[in-house]
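Source file: start-v4.txt (compact mmCIF, C-alpha atoms (C1' of nucleotides))
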```txt
# COMPACT_ATOMS: atom_id res chain seq x y z
CA MET M 1 46.05 24.22 11.38
CA LEU M 2 43.11 24.77 9.09
CA ASP M 3 45.07 27.63 7.55
CA LEU M 4 47.85 25.23 6.70
CA ALA M 5 45.47 22.85 4.99
CA ILE M 6 43.79 25.61 2.98
CA LEU M 7 47.07 27.15 1.90
CA GLY M 8 48.43 23.72 1.05
CA LEU M 9 45.51 22.86 -1.18
CA LEU M 10 45.58 26.23 -2.89
CA LYS M 11 49.20 25.60 -3.82
CA GLU M 12 47.93 23.08 -6.33
CA ARG M 13 45.27 25.29 -7.81
CA SER M 14 42.70 27.97 -7.00
CA MET M 15 39.46 26.78 -5.47
CA HIS M 16 36.34 27.92 -3.68
CA GLY M 17 35.37 27.03 -0.13
CA TYR M 18 33.07 24.16 -0.82
CA GLU M 19 35.63 22.45 -3.03
CA LEU M 20 38.32 22.94 -0.40
CA LYS M 21 36.17 21.23 2.18
CA LYS M 22 35.31 18.46 -0.21
CA ARG M 23 38.93 17.83 -1.08
CA LEU M 24 40.00 17.67 2.54
CA SER M 25 37.15 15.43 3.61
CA ASP M 26 37.55 13.19 0.59
CA THR M 27 41.19 12.39 1.07
CA LEU M 28 41.71 12.71 4.81
CA GLY M 29 38.17 11.92 5.89
CA PRO M 30 37.91 11.27 9.61
CA LEU M 31 41.65 11.86 10.02
CA PHE M 32 41.10 15.59 9.76
CA PRO M 33 37.49 16.73 10.14
CA VAL M 34 36.65 20.13 8.67
CA SER M 35 33.50 22.11 9.40
CA TYR M 36 32.11 25.00 7.40
CA GLY M 37 31.87 26.99 10.57
CA ALA M 38 35.65 26.93 10.68
CA LEU M 39 36.36 27.00 6.97
CA TYR M 40 34.54 30.10 5.81
CA PRO M 41 35.73 32.33 8.65
CA ALA M 42 39.25 31.04 8.02
CA LEU M 43 39.02 31.99 4.34
CA LYS M 44 37.80 35.44 5.27
CA ARG M 45 40.68 35.82 7.70
CA LEU M 46 43.27 34.66 5.20
CA LYS M 47 41.86 37.07 2.64
CA THR M 48 42.05 39.97 5.09
CA ASP M 49 45.62 39.04 5.89
CA GLY M 50 46.49 38.95 2.20
CA ALA M 51 47.43 35.29 2.12
CA VAL M 52 44.78 34.53 -0.47
CA GLU M 53 42.94 36.71 -2.96
CA GLU M 54 39.60 36.33 -4.64
CA VAL M 55 39.68 35.57 -8.33
CA PHE M 56 36.73 36.31 -10.57
CA PRO M 57 36.44 33.79 -13.38
CA GLN M 58 36.29 35.13 -16.95
CA ALA M 59 32.52 35.61 -17.16
CA GLU M 60 30.66 38.49 -15.57
CA VAL M 61 27.63 37.44 -13.53
CA ARG M 62 29.19 34.30 -11.99
CA ARG M 63 28.97 35.58 -8.42
CA ARG M 64 27.99 32.48 -6.60
CA LYS M 65 31.33 30.83 -6.09
CA ASN M 66 34.11 32.64 -4.27
CA VAL M 67 37.27 31.33 -5.85
CA TYR M 68 40.48 31.93 -3.94
CA ARG M 69 44.04 32.03 -5.23
CA LEU M 70 47.20 31.74 -3.17
CA THR M 71 49.30 34.92 -3.07
CA SER M 72 53.05 35.06 -2.61
CA GLU M 73 52.38 36.19 0.94
CA GLY M 74 50.31 33.02 1.32
CA GLN M 75 53.21 30.95 0.03
CA ARG M 76 55.45 32.42 2.71
CA ARG M 77 52.76 31.88 5.32
CA PHE M 78 52.52 28.21 4.38
CA ASP M 79 56.26 27.74 4.75
CA ARG M 80 56.26 29.52 8.10
CA LEU M 81 53.40 27.35 9.38
CA VAL M 82 55.14 24.19 8.27
CA GLU M 83 58.39 25.06 10.01
CA SER M 84 56.63 26.09 13.20
CA PHE M 85 55.51 22.56 13.99
CA GLY M 86 56.18 21.58 17.56
CA GLU M 87 56.25 25.12 18.92
CA ARG M 88 52.62 25.98 19.38
CA GLU M 89 51.42 22.41 19.01
CA SER M 90 50.46 20.83 22.30
CA LEU M 91 50.54 17.23 23.40
CA GLY M 92 46.94 16.76 22.45
CA ASP M 93 47.22 18.13 18.95
CA ASP M 94 47.53 15.18 16.64
CA ASN M 95 45.78 16.84 13.73
CA GLY M 96 48.67 19.21 13.29
CA PHE M 97 50.99 16.39 12.42
CA ARG M 98 48.52 14.66 10.16
CA VAL M 99 47.87 17.77 8.09
CA ARG M 100 51.56 18.46 7.75
CA LEU M 101 52.13 14.90 6.62
CA ALA M 102 49.41 15.30 4.01
CA PHE M 103 51.42 18.19 2.54
CA PHE M 104 54.87 16.71 3.00
CA ARG M 105 55.42 16.71 -0.74
CA TYR M 106 55.75 20.49 -0.66
CA MET M 107 58.44 20.53 1.97
CA LYS M 108 62.19 20.33 1.73
CA PRO M 109 63.68 16.99 2.86
CA GLU M 110 65.30 18.59 5.92
CA THR M 111 62.00 20.14 6.92
CA ARG M 112 60.31 16.78 6.63
CA LEU M 113 62.89 15.15 8.85
CA GLY M 114 62.58 17.96 11.37
CA VAL M 115 58.81 17.57 11.56
CA LEU M 116 59.10 13.80 11.95
CA GLU M 117 61.67 14.09 14.69
CA ARG M 118 59.70 16.63 16.64
CA ARG M 119 56.69 14.40 16.30
CA ARG M 120 58.71 11.52 17.64
CA THR M 121 59.77 13.57 20.63
CA VAL M 122 56.19 14.47 21.46
CA LEU M 123 55.07 10.85 21.23
CA THR M 124 57.99 9.65 23.33
CA GLN M 125 57.14 12.18 26.03
CA ARG M 126 53.53 11.11 25.92
CA LEU M 127 54.51 7.50 26.32
CA ALA M 128 56.80 8.30 29.23
CA GLU M 129 54.02 10.26 30.90
CA LEU M 130 51.57 7.39 30.49
CA LYS M 131 54.08 4.89 31.86
CA GLU M 132 54.80 7.14 34.81
CA ARG M 133 51.12 7.56 35.59
CA LEU M 134 50.42 3.89 35.16
CA SER M 135 53.09 2.88 37.64
CA SER M 136 52.17 5.46 40.26
CA TYR M 137 48.39 5.05 40.05
CA ARG M 138 48.09 1.37 39.18
CA GLU M 139 46.66 0.53 42.59
CA ARG M 140 44.32 3.46 42.86
CA VAL M 141 42.45 3.40 39.54
CA ASP M 142 39.68 1.03 38.51
CA ALA M 143 40.02 -1.65 35.84
CA TYR M 144 38.43 0.53 33.14
CA THR M 145 40.85 3.37 33.60
CA LEU M 146 43.68 0.87 33.72
CA SER M 147 42.62 -0.61 30.41
CA LEU M 148 42.37 2.89 28.98
CA MET M 149 45.90 3.71 30.07
CA ARG M 150 47.27 0.46 28.71
CA HIS M 151 45.61 0.87 25.37
CA GLY M 152 46.86 4.45 25.27
CA MET M 153 50.39 3.22 25.75
CA ASP M 154 50.03 0.52 23.12
CA SER M 155 48.67 2.98 20.59
CA THR M 156 51.39 5.50 21.30
CA GLU M 157 54.05 2.83 20.88
CA ARG M 158 52.62 1.90 17.51
CA ASP M 159 52.53 5.54 16.49
CA ILE M 160 56.19 5.85 17.39
CA ASP M 161 57.03 2.76 15.30
CA TRP M 162 55.17 4.27 12.42
CA VAL M 163 57.01 7.58 12.68
CA ASP M 164 60.26 5.65 12.87
CA ASP M 165 59.38 3.93 9.61
CA LEU M 166 58.73 7.31 8.04
CA ILE M 167 62.04 8.64 9.34
CA ARG M 168 63.90 5.63 7.98
CA ALA M 169 62.26 5.99 4.59
CA GLU M 170 63.15 9.68 4.55
CA ARG M 171 66.79 8.97 5.37
CA ARG M 172 66.94 6.26 2.73
CA ALA M 173 65.54 8.63 0.14
CA ALA M 174 68.11 11.23 1.15
CA ARG M 175 71.02 8.84 0.59
CA LYS M 176 70.15 7.60 -2.87
CA PRO M 177 68.28 10.59 -4.22
CA ARG M 178 65.26 10.62 -6.51
CA ARG M 179 65.61 7.37 -8.34
CA PRO M 180 62.42 5.35 -7.84
CA ARG M 181 60.20 8.32 -8.67
CA LYS M 182 56.95 6.46 -8.00
CA ARG M 183 58.12 3.76 -5.63
CA ALA M 184 59.35 5.79 -2.68
CA MET M 185 58.06 5.11 0.85
CA ALA M 186 57.98 1.35 0.40
CA GLY M 187 59.04 0.58 3.97
CA ALA M 188 56.39 2.69 5.61
CA SER M 189 53.49 1.53 3.53
CA THR M 190 52.35 -1.27 5.79
CA HIS M 191 51.28 1.21 8.43
CA GLY M 192 48.53 3.82 8.62
CA GLY M 193 46.56 6.04 11.01
CA ASP M 194 47.87 7.88 14.01
CA GLU M 195 47.42 9.36 17.38
CA SER M 196 46.66 8.83 21.03
CA MET P 1 32.56 16.61 27.94
CA LEU P 2 34.41 18.60 30.55
CA ASP P 3 31.14 18.83 32.45
CA LEU P 4 30.92 15.08 32.56
CA ALA P 5 34.43 14.78 33.96
CA ILE P 6 33.83 17.44 36.61
CA LEU P 7 30.51 15.96 37.67
CA GLY P 8 32.03 12.49 37.70
CA LEU P 9 34.86 13.50 39.97
CA LEU P 10 32.58 15.40 42.31
CA LYS P 11 30.54 12.22 42.79
CA GLU P 12 33.41 10.88 44.86
CA ARG P 13 33.83 13.97 46.97
CA SER P 14 33.67 17.76 46.94
CA MET P 15 36.68 19.54 45.50
CA HIS P 16 37.94 22.89 44.28
CA GLY P 17 38.95 23.67 40.71
CA TYR P 18 42.66 23.22 41.02
CA GLU P 19 42.26 19.81 42.60
CA LEU P 20 39.80 18.78 39.89
CA LYS P 21 42.32 19.65 37.23
CA LYS P 22 45.09 17.88 39.09
CA ARG P 23 43.05 14.73 39.47
CA LEU P 24 42.14 14.60 35.82
CA SER P 25 45.62 15.30 34.56
CA ASP P 26 47.16 12.89 37.05
CA THR P 27 45.11 9.88 36.09
CA LEU P 28 44.24 10.50 32.46
CA GLY P 29 47.20 12.67 31.54
CA PRO P 30 47.51 13.15 27.80
CA LEU P 31 44.44 10.99 27.20
CA PHE P 32 42.23 13.86 28.27
CA PRO P 33 43.94 17.25 28.43
CA VAL P 34 42.26 19.86 30.61
CA SER P 35 43.02 23.58 30.58
CA TYR P 36 42.11 26.12 33.23
CA GLY P 37 40.61 28.29 30.55
CA ALA P 38 38.00 25.60 30.08
CA LEU P 39 37.74 24.41 33.67
CA TYR P 40 36.93 27.57 35.59
CA PRO P 41 34.28 28.82 33.17
CA ALA P 42 32.78 25.34 33.19
CA LEU P 43 32.56 25.40 36.99
CA LYS P 44 30.90 28.79 36.90
CA ARG P 45 28.42 27.54 34.33
CA LEU P 46 27.61 24.40 36.30
CA LYS P 47 27.09 26.51 39.40
CA THR P 48 24.73 28.86 37.58
CA ASP P 49 22.83 25.85 36.29
CA GLY P 50 22.54 24.45 39.79
CA ALA P 51 24.48 21.28 39.04
CA VAL P 52 27.07 22.10 41.67
CA GLU P 53 27.05 24.37 44.69
CA GLU P 54 29.76 26.14 46.56
CA VAL P 55 30.52 24.81 49.99
CA PHE P 56 32.25 26.95 52.61
CA PRO P 57 34.43 24.85 54.89
CA GLN P 58 33.81 25.15 58.63
CA ALA P 59 36.13 28.08 59.33
CA GLU P 60 35.31 31.65 58.46
CA VAL P 61 38.03 33.47 56.52
CA ARG P 62 39.06 30.54 54.25
CA ARG P 63 38.07 32.33 51.06
CA ARG P 64 40.81 31.27 48.78
CA LYS P 65 39.58 27.91 47.65
CA ASN P 66 36.20 27.55 45.97
CA VAL P 67 35.04 24.13 46.98
CA TYR P 68 32.21 22.64 44.93
CA ARG P 69 29.74 19.95 45.87
CA LEU P 70 27.54 17.94 43.54
CA THR P 71 23.82 18.64 43.87
CA SER P 72 21.04 16.18 43.10
CA GLU P 73 20.45 18.16 39.92
CA GLY P 74 24.10 17.55 39.13
CA GLN P 75 23.62 13.83 39.69
CA ARG P 76 20.83 13.80 37.16
CA ARG P 77 22.91 15.86 34.75
CA PHE P 78 25.72 13.34 34.98
CA ASP P 79 23.38 10.48 34.17
CA ARG P 80 21.89 12.37 31.25
CA LEU P 81 25.32 13.17 29.84
CA VAL P 82 26.39 9.57 30.14
CA GLU P 83 23.35 8.22 28.32
CA SER P 84 23.64 10.82 25.57
CA PHE P 85 26.84 9.33 24.22
CA GLY P 86 26.77 8.89 20.49
CA GLU P 87 24.10 11.50 19.88
CA ARG P 88 26.03 14.74 19.95
CA GLU P 89 29.43 13.10 19.71
CA SER P 90 30.95 13.36 16.28
CA LEU P 91 33.33 11.05 14.48
CA GLY P 92 36.27 13.10 15.60
CA ASP P 93 35.39 13.18 19.28
CA ASP P 94 37.43 10.44 20.88
CA ASN P 95 37.77 12.21 24.20
CA GLY P 96 34.09 11.72 24.86
CA PHE P 97 34.49 7.98 24.95
CA ARG P 98 37.64 8.10 27.03
CA VAL P 99 36.09 10.26 29.70
CA ARG P 100 33.04 8.05 29.86
CA LEU P 101 35.22 5.01 30.22
CA ALA P 102 37.05 6.67 33.09
CA PHE P 103 33.74 6.94 34.91
CA PHE P 104 32.31 3.59 33.88
CA ARG P 105 32.19 2.46 37.48
CA TYR P 106 29.32 4.83 38.13
CA MET P 107 27.17 3.49 35.33
CA LYS P 108 24.69 0.66 35.21
CA PRO P 109 25.89 -2.44 33.33
CA GLU P 110 23.37 -1.88 30.52
CA THR P 111 24.52 1.70 30.12
CA ARG P 112 28.11 0.54 29.89
CA LEU P 113 27.26 -1.95 27.19
CA GLY P 114 25.30 0.68 25.32
CA VAL P 115 28.20 3.11 25.35
CA LEU P 116 30.62 0.44 24.21
CA GLU P 117 28.38 -0.66 21.38
CA ARG P 118 27.81 2.85 20.15
CA ARG P 119 31.55 3.39 20.28
CA ARG P 120 32.04 0.27 18.24
CA THR P 121 29.61 1.53 15.63
CA VAL P 122 31.44 4.83 15.30
CA LEU P 123 34.79 3.10 14.90
CA THR P 124 33.39 0.65 12.37
CA GLN P 125 31.99 3.50 10.31
CA ARG P 126 35.29 5.30 10.51
CA LEU P 127 37.12 2.23 9.31
CA ALA P 128 34.70 1.73 6.45
CA GLU P 129 35.13 5.36 5.45
CA LEU P 130 38.91 5.05 5.48
CA LYS P 131 38.78 1.85 3.42
CA GLU P 132 36.45 3.45 0.94
CA ARG P 133 38.68 6.52 0.57
CA LEU P 134 41.79 4.40 0.32
CA SER P 135 40.41 2.33 -2.52
CA SER P 136 39.01 5.25 -4.49
CA TYR P 137 41.97 7.60 -4.05
CA ARG P 138 44.85 5.13 -3.92
CA GLU P 139 46.17 6.24 -7.30
CA ARG P 140 45.71 9.94 -6.80
CA VAL P 141 47.34 10.57 -3.42
CA ASP P 142 51.05 10.69 -2.65
CA ALA P 143 52.93 8.10 -0.61
CA TYR P 144 52.75 10.16 2.59
CA THR P 145 49.01 10.48 2.53
CA LEU P 146 48.76 6.81 1.67
CA SER P 147 50.82 5.89 4.69
CA LEU P 148 48.68 8.17 6.82
CA MET P 149 45.52 6.46 5.62
CA ARG P 150 46.95 3.01 6.19
CA HIS P 151 48.12 3.80 9.67
CA GLY P 152 44.73 5.31 10.39
CA MET P 153 43.07 2.08 9.37
CA ASP P 154 45.44 0.00 11.43
CA SER P 155 44.87 2.12 14.51
CA THR P 156 41.13 2.05 14.08
CA GLU P 157 41.16 -1.72 13.72
CA ARG P 158 43.10 -2.01 16.96
CA ASP P 159 40.70 0.33 18.68
CA ILE P 160 37.83 -1.88 17.56
CA ASP P 161 39.59 -4.97 18.89
CA TRP P 162 40.07 -3.22 22.19
CA VAL P 163 36.42 -2.20 22.42
CA ASP P 164 35.47 -5.78 21.57
CA ASP P 165 37.56 -6.97 24.49
CA LEU P 166 35.78 -4.54 26.76
CA ILE P 167 32.41 -5.69 25.47
CA ARG P 168 33.31 -9.34 26.04
CA ALA P 169 34.49 -8.60 29.56
CA GLU P 170 31.28 -6.72 30.24
CA ARG P 171 29.14 -9.61 29.00
CA ARG P 172 31.16 -12.08 31.03
CA ALA P 173 30.70 -9.99 34.15
CA ALA P 174 26.97 -9.86 33.47
CA ARG P 175 26.67 -13.66 33.28
CA LYS P 176 28.41 -14.60 36.51
CA PRO P 177 27.70 -11.53 38.59
CA ARG P 178 30.01 -9.85 41.05
CA ARG P 179 32.16 -12.72 42.20
CA PRO P 180 35.79 -11.75 41.58
CA ARG P 181 35.30 -8.31 43.10
CA LYS P 182 38.84 -7.14 42.30
CA ARG P 183 39.70 -9.27 39.31
CA ALA P 184 37.14 -8.19 36.74
CA MET P 185 38.22 -7.02 33.29
CA ALA P 186 40.95 -9.64 32.99
CA GLY P 187 40.51 -10.12 29.27
CA ALA P 188 40.82 -6.49 28.34
CA SER P 189 43.88 -5.73 30.37
CA THR P 190 46.43 -6.38 27.65
CA HIS P 191 45.16 -3.44 25.70
CA GLY P 192 45.06 0.30 26.35
CA GLY P 193 44.79 3.76 24.79
CA ASP P 194 42.51 4.74 21.99
CA GLU P 195 41.67 6.77 18.99
CA SER P 196 42.55 7.59 15.46
C1' DC Z 1 65.26 36.17 55.75
C1' DG Z 2 64.50 35.91 50.77
C1' DG Z 3 63.87 32.97 46.74
C1' DT Z 4 61.75 29.37 44.35
C1' DT Z 5 58.08 26.30 43.67
C1' DA Z 6 53.32 24.76 44.34
C1' DT Z 7 48.64 26.13 45.06
C1' DA Z 8 44.69 28.66 43.45
C1' DT Z 9 41.49 31.54 40.63
C1' DA Z 10 40.38 34.41 36.78
C1' DT Z 11 40.15 36.35 32.21
C1' DC Z 12 41.20 37.12 27.21
C1' DG Z 13 41.58 36.59 22.21
C1' DG Z 14 41.33 33.33 18.89
C1' DA Z 15 39.74 29.13 16.84
C1' DG Z 16 36.75 25.09 16.16
C1' DT Z 17 31.98 22.66 16.58
C1' DG Z 18 27.39 21.62 15.36
C1' DA Z 19 23.36 23.58 13.89
C1' DT Z 20 20.80 26.20 11.04
C1' DA Z 21 19.36 29.34 7.28
C1' DT Z 22 19.24 30.33 2.64
C1' DA Z 23 19.98 30.30 -1.85
C1' DT Z 24 20.96 28.12 -6.67
C1' DC Z 25 21.89 24.54 -9.84
C1' DC Z 26 21.00 20.05 -12.00
C1' DG Z 27 19.02 15.74 -13.19
C1' DT Z 28 14.97 12.97 -13.58
C1' DC Z 29 10.55 11.11 -13.09
C1' DC Z 30 5.85 11.77 -14.29
C1' DG L 1 7.57 21.30 -18.78
C1' DG L 2 7.54 21.52 -14.19
C1' DA L 3 7.80 19.81 -9.60
C1' DC L 4 10.97 17.56 -6.57
C1' DG L 5 14.93 16.20 -4.40
C1' DG L 6 19.73 16.18 -3.90
C1' DA L 7 24.14 18.29 -4.55
C1' DT L 8 26.40 22.71 -4.63
C1' DA L 9 27.58 26.92 -2.21
C1' DT L 10 28.03 30.53 1.40
C1' DA L 11 27.20 32.44 5.84
C1' DT L 12 26.27 32.95 10.70
C1' DC L 13 25.16 31.65 15.54
C1' DA L 14 25.92 30.21 20.32
C1' DC L 15 28.85 27.63 22.68
C1' DT L 16 33.08 25.35 24.07
C1' DC L 17 37.83 24.92 24.36
C1' DC L 18 42.80 26.29 24.07
C1' DG L 19 46.89 28.79 25.29
C1' DA L 20 48.61 32.63 27.42
C1' DT L 21 48.79 35.70 30.93
C1' DA L 22 47.96 38.04 35.36
C1' DT L 23 47.80 37.87 40.14
C1' DA L 24 47.71 36.31 44.48
C1' DT L 25 49.02 33.36 48.72
C1' DA L 26 51.11 29.21 50.88
C1' DA L 27 54.89 26.09 51.61
C1' DC L 28 59.43 24.71 51.53
C1' DC L 29 64.31 25.39 52.02
C1' DG L 30 68.93 26.94 52.49
```
Output the structure of this file as structure tokens.
Amino acid sequence: MLDLAILGLLKERSMHGYELKKRLSDTLGPLFPVSYGALYPALKRLKTDGAVEEVFPQAEVRRRKNVYRLTSEGQRRFDRLVESFGERESLGDDNGFRVRLAFFRYMKPETRLGVLERRRTVLTQRLAELKERLSSYRERVDAYTLSLMRHGMDSTERDIDWVDDLIRAERRAARKPRRPRKRAMAGASTHGGDES
Amino acid sequence: MLDLAILGLLKERSMHGYELKKRLSDTLGPLFPVSYGALYPALKRLKTDGAVEEVFPQAEVRRRKNVYRLTSEGQRRFDRLVESFGERESLGDDNGFRVRLAFFRYMKPETRLGVLERRRTVLTQRLAELKERLSSYRERVDAYTLSLMRHGMDSTERDIDWVDDLIRAERRAARKPRRPRKRAMAGASTHGGDES
DNA sequence: CGGTTATATATCGGAGTGATATATCCGTCC
DNA sequence: GGACGGATATATCACTCCGATATATAACCG
């Protein structure tokens, strides 16, 4: 999860921890919160595993920033993580999808479609579960819980619509390949946000 | 978080771990996922802290279920946890609000309003943050991330509307006190679900 | 009777949170 | 110029939670 985000950012260029965190928080903000307590241990882990390596900038004494570069092993790791979406990810893990979406540009079109479709499946199951619970517990729960369930269903339905838009846009782009260059994704652009 | 849910359920009646988990998953389902790996340690902790105590049902050899009862210390703990909403809870913690809502019936009207208003503040801040990021990074992010941000804003706006409905209903109920008994919360019932 | 499913508790490694500590670097106000 | 505050930068801590797994017994059913 965090690994994926780190590896994804390092694909663009080498960075140090603080910058990584800044980048993630700046663009995704509350959609994917990152804490230092997770980030620095993750970097250490990735370094141990050989997915990233430390790079020492030209000068000599500059030992205050730890700059990391993606290795080829890290490249492979990123691809593996991307493909694995939907296997380890649980019903409650919405961040996983968001992060993957944020790095969609690095994936092959088929991979993108696969991720979107698995996401759709998860959301559909969630919706079915909520409907099921609502109908069998309607009488027994209080008005607050009822409202919670209903809003949960509404939100999930909207998330599904959004994913459907993304799927449609992806299919459209697959049919008439890279023409609009800058103007892709037009259909999906009126939607935003995600999750439960 | 989990503590609050456990304590809240035990207010109704004494239960053992498995039943607790079942109850939570049955009513809240994917809106508040509970794992045994969190539940059993939490029960042990609460017992050590004196918030719950083990109760041995009449018979002698029935040592297969560990039934827990809420103590008066546990009662106080529940109240404290409820009031503390918004202090420890971060931007990313949407479960906290959901669980509290599921136990709203045990709170005083003022407490309910307080929780709702703090929730509203968090969501408003989140929305502002998303808007801010969208406007300052619009040119630099790809279409996928853009769509993600937009959907995030949409969802957050809907969440705010929902909370507003709940607040209105709460205020209404405060003005003409407990008349409709069963038919409270009418205004908020067309909405449901939550979170980014 | 044996097999499957539901009930029930426990524990483990790994990962994330929120807090805190501790530096250095940089601008700027007096 | 030097004190101060804020941004930069890394690290670690206790705690909580997740997902998986192990291990029982009870209940149902053909």
- Message: One number please: CA of Arg171 in chain M to CA of Leu101 in chain M, in Å, one decimal.
- Response: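 If I compute the distance from CA of Arg171 in chain M to CA of Leu101 in chain M, I get 15.9 Å.
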- Item | range 8-14 of chain L surroundings by only C-alpha atoms (C1' of nucleotides), 10 Å radius, close-in-sequence under 6 positions cut, as a PyMOL selection string | (chain M and resi 16-19+36-37+40-41+64-66) or (chain Z and resi 19-26)
Kindly export the residues of the current selection with C-alpha atoms (C1' of nucleotides), as a CSV table (one decimal), keeping the file's coordinate frame.
```
chain,number,residue,atom,x,y,z
M,16,HIS,CA,36.3,27.9,-3.7
M,17,GLY,CA,35.4,27.0,-0.1
M,18,TYR,CA,33.1,24.2,-0.8
M,19,GLU,CA,35.6,22.4,-3.0
M,36,TYR,CA,32.1,25.0,7.4
M,37,GLY,CA,31.9,27.0,10.6
M,40,TYR,CA,34.5,30.1,5.8
M,41,PRO,CA,35.7,32.3,8.6
M,64,ARG,CA,28.0,32.5,-6.6
M,65,LYS,CA,31.3,30.8,-6.1
M,66,ASN,CA,34.1,32.6,-4.3
Z,19,DA,C1',23.4,23.6,13.9
Z,20,DT,C1',20.8,26.2,11.0
Z,21,DA,C1',19.4,29.3,7.3
Z,22,DT,C1',19.2,30.3,2.6
Z,23,DA,C1',20.0,30.3,-1.8
Z,24,DT,C1',21.0,28.1,-6.7
Z,25,DC,C1',21.9,24.5,-9.8
Z,26,DC,C1',21.0,20.0,-12.0
```
- For a cut-off of 12 Å around (60.5, 28.4, 43.1), file coordinates, pick out all residues using only C-alpha atoms (C1' of nucleotides) and list them as a PyMOL selection string. (chain Z and resi 2-6) or (chain L and resi 27-29)
List as a compact mmCIF listing (two decimals) with C-alpha atoms, keeping the file's coordinate frame the protein and nucleic acid residues near Ile160 in chain M, meaning an atom at most 9 Å away when all atoms listed in the file are counted, but skip any in the same chain fewer than 6 places from it.
```
# COMPACT_ATOMS: atom_id res chain seq x y z
CA ARG M 119 56.69 14.40 16.30
CA ARG M 120 58.71 11.52 17.64
CA LEU M 123 55.07 10.85 21.23
CA THR M 124 57.99 9.65 23.33
```
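Between CA of Asp159 in chain P and CA of Asp79 in chain P the separation is 25.4 Å.
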- One decimal place gives the CA of Asp26 in chain M-CA of Phe103 in chain M separation as 14.9 Å
Where does chain Z meet chain M within 9 Å, residue by residue, with the nearest atom pair and distance in Å to one decimal for each, counting only C-alpha atoms (C1' of nucleotides), listed by chain and rising number, as a Markdown table?
```
| residue | atom | partner | partner_atom | distance |
| --- | --- | --- | --- | --- |
| Z:DA15 | C1' | M:Ala38 | CA | 7.7 |
| Z:DG16 | C1' | M:Ala38 | CA | 5.9 |
| Z:DT17 | C1' | M:Ser35 | CA | 7.4 |
| Z:DG18 | C1' | M:Gly37 | CA | 8.5 |
| Z:DT24 | C1' | M:Arg64 | CA | 8.3 |
```
Would you write out those residues with C-alpha atoms (C1' of nucleotides), as a PDB file, keeping the file's coordinate frame?
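again-v7.pdb, written as the output of this step:
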```pdb
ATOM      1  C1'  DA Z  15      39.740  29.130  16.840  1.00  0.00           C
ATOM      2  C1'  DG Z  16      36.750  25.090  16.160  1.00  0.00           C
ATOM      3  C1'  DT Z  17      31.980  22.660  16.580  1.00  0.00           C
ATOM      4  C1'  DG Z  18      27.390  21.620  15.360  1.00  0.00           C
ATOM      5  C1'  DT Z  24      20.960  28.120  -6.670  1.00  0.00           C
TER       6       DT Z  24
END
```
Compile a residue-level contact table for chain L against chain P at a cut-off of 12 Å, reporting for every qualifying residue the shortest atom pair and its distance in Å to one decimal, with all atoms listed in the file counted, rows ordered by chain and ascending number, as a tab-separated table.
```
residue	atom	partner	partner_atom	distance
L:DC15	C1'	P:Ala42	CA	11.5
L:DT16	C1'	P:Ala38	CA	7.8
L:DC17	C1'	P:Ala38	CA	5.8
L:DC18	C1'	P:Ser35	CA	7.1
L:DG19	C1'	P:Gly37	CA	8.2
L:DA20	C1'	P:Gly37	CA	9.6
L:DT21	C1'	P:Gly37	CA	11.0
L:DA24	C1'	P:Arg64	CA	9.6
L:DT25	C1'	P:Arg64	CA	8.5
L:DA26	C1'	P:Arg64	CA	10.7
```
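Using all atoms listed in the file, the shortest contact distance between Leu113 in chain P and any of P:Leu166, P:Ala143, P:Leu81, P:Val99 is found at P:Leu166.
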- Kindly extract all protein, DNA and RNA residues lying within 10 Å of the coordinates (44.1, 4.9, 6.3) given in the file, considering all atoms listed in the file, and supply them as number ranges by chain. M: 27-31, 191-194; P: 126-135, 145-156, 196
- Message: Please determine, counting all atoms listed in the file, which residue among M:Arg138, M:Arg158, M:Arg77, M:Arg98 has the shortest atom-to-atom distance to Gly50 in chain M.
- Response: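 The answer is M:Arg77, which sits nearest to Gly50 in chain M.
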- Considering all atoms listed in the file, state which residue in the set M:Leu116, M:Pro177, M:Arg140, M:Tyr68 is at the smallest distance from Trp162 in chain M. M:Leu116
- Message: Let me make sure I understand: among M:Leu24, M:Glu139, M:Thr71, M:Ile167, which one has the smallest atom-to-atom distance to Val115 in chain M if we use all atoms listed in the file?
- Response: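 Comparing M:Leu24, M:Glu139, M:Thr71, M:Ile167 against Val115 in chain M, the winner is M:Ile167.
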